[in-house]
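Chemist: So that you have it, the file is model-v8.txt, and it contains compact mmCIF, C-alpha atoms and all ligand atoms:
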```
# COMPACT_ATOMS: atom_id res chain seq x y z
CA MET Z 1 -38.52 -17.89 23.45
CA PRO Z 2 -38.00 -21.65 23.59
CA PHE Z 3 -40.23 -22.50 26.59
CA TYR Z 4 -42.79 -19.76 26.11
CA ASP Z 5 -45.93 -21.55 27.30
CA LEU Z 6 -44.27 -23.17 30.31
CA TRP Z 7 -42.94 -19.84 31.53
CA HIS Z 8 -45.79 -17.47 30.73
CA GLU Z 9 -48.51 -19.66 32.21
CA ASP Z 10 -46.61 -18.66 35.35
CA GLY Z 11 -46.36 -14.98 34.34
CA HIS Z 12 -48.83 -12.52 32.82
CA VAL Z 13 -51.24 -15.01 31.21
CA PRO Z 14 -53.37 -15.98 34.27
CA GLU Z 15 -53.95 -12.29 35.10
CA ILE Z 16 -54.91 -11.47 31.50
CA ARG Z 17 -57.36 -14.39 31.56
CA GLU Z 18 -59.14 -12.57 34.41
CA LEU Z 19 -58.85 -8.98 33.17
CA LEU Z 20 -59.41 -9.25 29.41
CA PRO Z 21 -62.84 -10.97 28.99
CA PRO Z 22 -64.88 -8.25 30.81
CA LEU Z 23 -63.20 -5.57 28.65
CA LEU Z 24 -64.24 -7.43 25.47
CA LYS Z 25 -67.89 -7.55 26.52
CA GLY Z 26 -70.08 -6.47 23.58
CA VAL Z 27 -67.41 -7.10 20.93
CA GLN Z 28 -69.15 -9.22 18.29
CA ARG Z 29 -67.63 -8.88 14.86
CA SER Z 30 -63.82 -8.72 14.69
CA VAL Z 31 -60.73 -8.57 16.88
CA LEU Z 32 -57.22 -7.82 15.65
CA GLU Z 33 -54.64 -9.35 17.98
CA ILE Z 34 -51.17 -7.81 17.72
CA GLY Z 35 -48.30 -10.16 18.66
CA ALA Z 36 -50.39 -13.30 19.17
CA GLY Z 37 -47.30 -15.34 20.10
CA THR Z 38 -48.20 -18.99 20.70
CA GLY Z 39 -51.92 -18.24 20.90
CA LEU Z 40 -52.42 -18.30 24.68
CA ILE Z 41 -54.33 -14.99 24.51
CA THR Z 42 -55.92 -15.83 21.13
CA ARG Z 43 -57.74 -18.63 22.93
CA VAL Z 44 -58.90 -16.23 25.67
CA ILE Z 45 -60.28 -13.83 23.03
CA ALA Z 46 -62.02 -16.71 21.25
CA GLN Z 47 -63.68 -17.83 24.48
CA ALA Z 48 -64.72 -14.28 25.45
CA THR Z 49 -66.25 -13.20 22.12
CA PRO Z 50 -67.97 -14.69 19.06
CA ALA Z 51 -65.79 -12.42 16.88
CA GLU Z 52 -63.60 -13.36 13.94
CA ILE Z 53 -59.94 -13.01 15.02
CA PHE Z 54 -56.99 -11.71 13.00
CA ALA Z 55 -53.82 -12.85 14.80
CA VAL Z 56 -50.68 -10.95 13.81
CA GLU Z 57 -47.41 -12.77 14.56
CA PRO Z 58 -44.13 -12.01 12.75
CA ALA Z 59 -41.90 -14.66 14.41
CA LEU Z 60 -41.94 -18.04 12.66
CA ALA Z 61 -41.20 -20.03 15.84
CA MET Z 62 -44.09 -18.44 17.75
CA ARG Z 63 -46.42 -18.63 14.75
CA SER Z 64 -45.72 -22.36 14.37
CA VAL Z 65 -46.91 -23.01 17.92
CA LEU Z 66 -49.93 -20.74 17.32
CA LEU Z 67 -50.86 -22.80 14.24
CA SER Z 68 -50.48 -26.06 16.17
CA ARG Z 69 -52.86 -24.66 18.80
CA LEU Z 70 -55.39 -23.74 16.10
CA ALA Z 71 -54.97 -27.13 14.39
CA GLU Z 72 -56.14 -28.87 17.55
CA ASP Z 73 -59.47 -27.03 17.53
CA PRO Z 74 -61.58 -26.97 14.31
CA ALA Z 75 -63.67 -24.04 15.60
CA LEU Z 76 -60.53 -21.94 16.12
CA LEU Z 77 -59.16 -22.92 12.71
CA GLU Z 78 -62.29 -21.51 11.14
CA ARG Z 79 -62.37 -18.26 13.12
CA VAL Z 80 -58.71 -17.23 13.35
CA THR Z 81 -56.78 -15.78 10.40
CA VAL Z 82 -53.01 -15.69 11.05
CA LEU Z 83 -51.17 -12.68 9.58
CA PRO Z 84 -47.43 -13.39 9.18
CA CYS Z 85 -46.24 -9.78 9.49
CA GLY Z 86 -45.42 -7.10 12.04
CA ALA Z 87 -47.93 -4.67 13.53
CA HIS Z 88 -46.86 -1.79 11.27
CA ASP Z 89 -47.60 -3.80 8.11
CA VAL Z 90 -51.08 -5.17 8.86
CA ASP Z 91 -53.54 -5.00 6.01
CA LEU Z 92 -57.20 -5.80 6.81
CA ASP Z 93 -60.11 -6.01 4.37
CA GLU Z 94 -62.35 -4.10 6.82
CA PRO Z 95 -61.48 -2.06 9.93
CA ALA Z 96 -61.56 -4.04 13.20
CA GLU Z 97 -64.02 -3.58 16.04
CA ALA Z 98 -61.29 -4.08 18.66
CA ILE Z 99 -57.51 -4.48 18.89
CA VAL Z 100 -55.86 -6.55 21.64
CA MET Z 101 -52.10 -6.28 22.26
CA ILE Z 102 -50.85 -8.25 25.26
CA SER Z 103 -47.21 -8.12 26.41
CA VAL Z 104 -46.00 -6.71 23.10
CA LEU Z 105 -45.81 -2.97 23.76
CA TYR Z 106 -42.44 -2.90 25.52
CA GLY Z 107 -40.79 -4.57 22.54
CA PHE Z 108 -41.21 -1.41 20.45
CA ASP Z 109 -38.62 1.35 20.71
CA PRO Z 110 -40.01 4.90 21.13
CA ALA Z 111 -39.92 5.69 17.38
CA GLU Z 112 -41.65 2.40 16.48
CA ARG Z 113 -44.22 2.97 19.21
CA GLU Z 114 -45.07 6.49 18.04
CA ARG Z 115 -45.50 5.17 14.49
CA LEU Z 116 -47.64 2.31 15.81
CA TRP Z 117 -50.54 4.30 17.33
CA PRO Z 118 -51.65 6.00 14.07
CA VAL Z 119 -51.36 2.63 12.28
CA LEU Z 120 -53.61 1.00 14.89
CA ALA Z 121 -56.07 3.92 14.74
CA GLY Z 122 -56.26 3.41 10.97
CA LEU Z 123 -57.03 -0.30 11.44
CA LEU Z 124 -59.94 0.37 13.86
CA GLU Z 125 -63.48 1.41 13.02
CA PRO Z 126 -64.54 4.80 14.49
CA GLY Z 127 -65.25 4.25 18.21
CA GLY Z 128 -63.28 0.97 18.03
CA LEU Z 129 -61.56 -0.34 21.14
CA LEU Z 130 -57.80 -0.69 21.79
CA LEU Z 131 -56.82 -2.91 24.75
CA PHE Z 132 -53.31 -3.57 26.02
CA ASN Z 133 -51.61 -4.37 29.31
CA HIS Z 134 -49.37 -1.83 31.01
CA ARG Z 135 -48.17 -1.11 34.52
CA GLU Z 136 -45.83 1.72 35.37
CA ARG Z 137 -42.98 0.37 37.44
CA PRO Z 138 -39.31 1.14 37.91
CA GLN Z 139 -36.84 -0.60 35.59
CA GLY Z 140 -34.93 -3.55 37.14
CA GLU Z 141 -31.33 -2.88 38.13
CA PRO Z 142 -28.43 -4.42 36.19
CA GLY Z 143 -27.20 -7.46 38.11
CA GLU Z 144 -26.45 -11.17 38.18
CA LEU Z 145 -28.21 -13.96 36.30
CA GLU Z 146 -31.20 -15.07 38.41
CA PRO Z 147 -33.63 -18.01 38.17
CA MET Z 148 -37.02 -16.90 36.80
CA GLY Z 149 -38.85 -20.20 36.46
CA SER Z 150 -38.29 -23.94 36.68
CA TYR Z 151 -40.51 -26.63 35.16
CA GLN Z 152 -40.47 -30.42 35.08
CA VAL Z 153 -41.07 -32.01 31.68
CA GLY Z 154 -40.89 -35.79 32.04
CA ARG Z 155 -37.48 -36.54 33.56
CA HIS Z 156 -35.94 -33.22 32.51
CA THR Z 157 -35.91 -29.83 34.23
CA TYR Z 158 -36.49 -26.70 32.11
CA GLN Z 159 -35.16 -23.52 33.65
CA VAL Z 160 -35.35 -19.88 32.61
CA LEU Z 161 -32.69 -17.53 33.99
CA GLY Z 162 -32.68 -13.77 33.47
CA GLN Z 163 -30.31 -10.88 33.87
CA VAL Z 164 -30.68 -7.13 33.33
CA LEU Z 165 -27.55 -6.02 31.49
CA GLU Z 166 -28.04 -2.27 31.17
CA VAL Z 167 -30.70 0.36 31.87
CA SER Z 168 -30.92 3.83 30.39
CA GLY Z 169 -34.10 5.92 30.52
CA GLU Z 170 -37.04 3.81 29.34
CA LYS Z 171 -34.70 1.26 27.70
CA SER Z 172 -33.43 -1.92 29.37
CA ARG Z 173 -31.20 -4.62 27.82
CA TYR Z 174 -31.63 -8.17 29.12
CA ARG Z 175 -30.26 -11.67 28.72
CA HIS Z 176 -32.33 -14.83 29.15
CA LEU Z 177 -30.94 -18.36 29.31
CA TYR Z 178 -33.16 -21.35 28.60
CA GLN Z 179 -31.57 -24.44 30.10
CA ILE Z 180 -32.57 -28.11 30.09
CA THR Z 181 -30.97 -30.40 32.65
CA ARG Z 182 -31.02 -34.15 33.13
CA ASN Z 183 -30.16 -35.38 36.63
CA GLY Z 184 -28.51 -32.00 37.29
CA THR Z 185 -26.40 -32.10 34.09
CA LEU Z 186 -26.95 -29.39 31.47
CA ILE Z 187 -28.00 -30.97 28.14
CA SER Z 188 -29.24 -27.90 26.23
CA GLU Z 189 -28.88 -24.14 26.54
CA ASP Z 190 -30.22 -21.25 24.42
CA GLU Z 191 -29.34 -17.62 25.03
CA VAL Z 192 -31.75 -14.83 24.08
CA LEU Z 193 -30.60 -11.20 24.20
CA GLY Z 194 -33.17 -8.44 23.90
CA GLU Z 195 -34.27 -5.00 24.93
CA THR Z 196 -37.45 -3.54 26.37
CA HIS Z 197 -38.74 0.02 26.45
CA ARG Z 198 -41.10 0.90 29.31
CA PRO Z 199 -42.69 4.30 28.79
CA SER Z 200 -44.36 6.16 31.65
CA THR Z 201 -48.16 6.17 31.71
CA ALA Z 202 -48.10 9.92 31.09
CA ARG Z 203 -45.99 9.50 27.97
CA LEU Z 204 -48.26 6.73 26.66
CA ARG Z 205 -51.30 8.89 27.28
CA ALA Z 206 -49.78 11.77 25.31
CA GLU Z 207 -48.85 9.49 22.39
CA LEU Z 208 -52.30 7.89 22.25
CA GLU Z 209 -54.14 11.21 22.46
CA ALA Z 210 -51.93 12.62 19.69
CA ALA Z 211 -53.01 9.65 17.51
CA GLY Z 212 -56.71 10.37 18.10
CA PHE Z 213 -57.52 7.90 20.91
CA VAL Z 214 -59.67 8.74 23.92
CA PRO Z 215 -59.32 6.89 27.25
CA ASP Z 216 -61.90 4.33 28.39
CA ASP Z 217 -62.28 2.59 31.78
CA ALA Z 218 -59.89 -0.26 32.56
CA PRO Z 219 -58.75 -2.06 35.73
CA ASP Z 220 -55.22 -1.75 37.13
CA GLY Z 221 -52.81 -3.50 34.75
CA MET Z 222 -54.85 -2.82 31.60
CA GLN Z 223 -55.34 0.18 29.32
CA ALA Z 224 -58.51 0.70 27.27
CA TRP Z 225 -58.72 3.40 24.60
CA ARG Z 226 -61.21 4.17 21.83
CA ARG Z 227 -60.58 5.61 18.44
CA ALA Z 228 -62.42 8.93 18.40
CA GLY Z 229 -65.70 8.50 16.45
C1 LIG Z 301 -44.13 -11.65 24.96
S1 LIG Z 301 -44.81 -12.24 23.47
C2 LIG Z 301 -46.56 -12.09 23.80
C3 LIG Z 301 -47.37 -13.11 23.06
C4 LIG Z 301 -48.86 -13.15 23.43
N1 LIG Z 301 -49.49 -11.88 23.19
C5 LIG Z 301 -49.02 -13.55 24.87
O1 LIG Z 301 -49.33 -12.67 25.69
O2 LIG Z 301 -48.84 -14.75 25.19
C6 LIG Z 301 -44.50 -10.92 22.34
C7 LIG Z 301 -44.88 -11.28 20.91
O3 LIG Z 301 -44.84 -10.11 20.08
C8 LIG Z 301 -44.32 -10.47 18.84
N2 LIG Z 301 -43.80 -9.28 18.13
C9 LIG Z 301 -42.54 -8.80 18.10
N3 LIG Z 301 -42.44 -7.73 17.29
C10 LIG Z 301 -43.68 -7.54 16.78
C11 LIG Z 301 -44.22 -6.60 15.85
N4 LIG Z 301 -43.47 -5.65 15.29
N5 LIG Z 301 -45.52 -6.71 15.54
C12 LIG Z 301 -46.30 -7.67 16.11
N6 LIG Z 301 -45.84 -8.58 17.00
C13 LIG Z 301 -44.55 -8.51 17.31
C14 LIG Z 301 -43.22 -11.47 19.20
O4 LIG Z 301 -42.85 -12.25 18.07
C15 LIG Z 301 -43.90 -12.26 20.30
O5 LIG Z 301 -44.59 -13.36 19.79
```
What do you get writing this file as structure tokens?

Modeler:
Amino acid sequence: MPFYDLWHEDGHVPEIRELLPPLLKGVQRSVLEIGAGTGLITRVIAQATPAEIFAVEPALAMRSVLLSRLAEDPALLERVTVLPCGAHDVDLDEPAEAIVMISVLYGFDPAERERLWPVLAGLLEPGGLLLFNHRERPQGEPGELEPMGSYQVGRHTYQVLGQVLEVSGEKSRYRHLYQITRNGTLISEDEVLGETHRPSTARLRAELEAAGFVPDDAPDGMQAWRRAG
């Protein structure tokens, strides 16, 4: 995701900045963040709680930006431990008080997702909190490449274009193009192909309950669950 911060400051991040802090109220000791990316949400967690943060990020490119963000802030460098692995392979010295997973869920296929919930339950203390964002909405239709965001960086224009290639059930395949232009002439282009899996809320609920989670109150757009005590 070459222009991650440019694009996502325009996407889910501002909403999460509003919705996440009240849900973390009372969390004091430790937060495990799954899929920390470039650290945009890590910083929100750090501002909302005094807790130690364990930031899981498997992708080197994203993790490098995360580390640069931490390096700019000595207080963050002290409080945030970066775990260079995927969610299924996390190993903590003590169970966490809360887990935060923002805009990561739809990257797991159904089998990975069903394996994930028991892993997360095992990483939480009894009664511990699991927070993630989710909204049930219809899959996009396959179609043409469309502009999704455009940003000026100095004299250059950075553009993200997106296209849904194929949809079947909860799975959708997409293509994103990251283009840089100078005076209207393309000077750089990166293509990213990927797939997302958007489960229904009912299916998520069944999976979470099967893994021993009980629902907690959360505003529209967020899910809050607790590991049964
Ligand atoms: C859309 S980004 C979200 C980043 C950040 N949470 C945010 O909201 O800005 C998804 C992140 O999940 C990470 N990811 C992908 N597979 C993962 C896995 N198996 N375990 C943990 N994180 C994963 C990706 O590398 C990417 O950084």

Chemist: Considering only C-alpha atoms, state which residue in the set Z:Ser103, Z:Thr38, Z:Ser150, Z:Ser30 is at the smallest distance from Z:Arg79.

Modeler: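 Under the stated criterion, the closest residue is Z:Ser30.
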
Chemist: Need the shell around Z:Leu32: protein/DNA/RNA residues with any atom at most 7 Å away, counting all atoms listed in the file. Skip same-chain ones fewer than 4 positions apart. Format as a PyMOL selection string?

Modeler: chain Z and resi 53-55+96+98-100

Chemist: To check your reading of the model: which residues sit at most 10 Å from ligand LIG 301 (chain Z) when counting all atoms listed in the file? Write the answer as a PyMOL selection string.

Modeler: chain Z and resi 1+4-5+8-9+11-13+16+33-43+55-63+66+83-90+100-108+112-113+116+132-133

Chemist: So, counting only C-alpha atoms, which residue among Z:Thr81, Z:Val65, Z:Pro147, Z:Trp117 is closest to Z:Asp93?

Modeler: Z:Thr81

Chemist: If we count only C-alpha atoms, what is near stretch 154-159 of chain Z at a cut-off of 7 Å, once residues fewer than 4 positions away on the same chain are taken out, given as an MDAnalysis selection string?

Modeler: chainID Z and resid 149:150 178:182

Chemist: With C-alpha atoms retained, export the selected residues as a PDB file, in the frame of the given file.

Modeler:
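Final output, part.pdb:
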```
ATOM      1  CA  GLY Z 149     -38.850 -20.200  36.460  1.00  0.00           C
ATOM      2  CA  SER Z 150     -38.290 -23.940  36.680  1.00  0.00           C
ATOM      3  CA  TYR Z 178     -33.160 -21.350  28.600  1.00  0.00           C
ATOM      4  CA  GLN Z 179     -31.570 -24.440  30.100  1.00  0.00           C
ATOM      5  CA  ILE Z 180     -32.570 -28.110  30.090  1.00  0.00           C
ATOM      6  CA  THR Z 181     -30.970 -30.400  32.650  1.00  0.00           C
ATOM      7  CA  ARG Z 182     -31.020 -34.150  33.130  1.00  0.00           C
TER       8      ARG Z 182
END
```

Chemist: What is the atom CA of Z:Leu67 to atom CA of Z:His134 distance in Å?

Modeler: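 Interatomic distance, atom CA of Z:Leu67 to atom CA of Z:His134: 26.9 Å.
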
Chemist: Each side padded by 3 Å, which centre and which edge lengths in Å (one decimal) define the axis-aligned box around the listed atoms of stretch 141-157 of chain Z? Give them as AutoDock Vina command-line options.

Modeler:
```
--center_x -33.8 --center_y -19.7 --center_z 35.0 --size_x 20.6 --size_y 39.7 --size_z 12.7
```

Chemist: Using only C-alpha atoms, which of the listed residues (Z:Glu78, Z:Glu97, Z:Pro138, Z:Asp217) sits closest to Z:Pro126?

Modeler: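 Closest candidate: Z:Glu97.
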
Chemist: Find the residues around stretch 197-212 of chain Z up to 9 Å (all atoms listed in the file counted), leave out those fewer than 2 positions away in its own chain, and share them as an MDAnalysis selection string.

Modeler: chainID Z and resid 105:110 113:114 117:119 121 134:139 169:173 195 214:215 225:228

Chemist: Would you mind reading off the distance between atom CA of Z:Gly127 and atom CA of Z:Ala224, one decimal, in Å?

Modeler: 11.8 Å

Chemist: Could you work out how far atom CA of Z:Val167 lies from atom CA of Z:Pro142, giving the answer in Å with one decimal?

Modeler: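 Going from atom CA of Z:Pro142 over to atom CA of Z:Val167 covers 6.8 Å.
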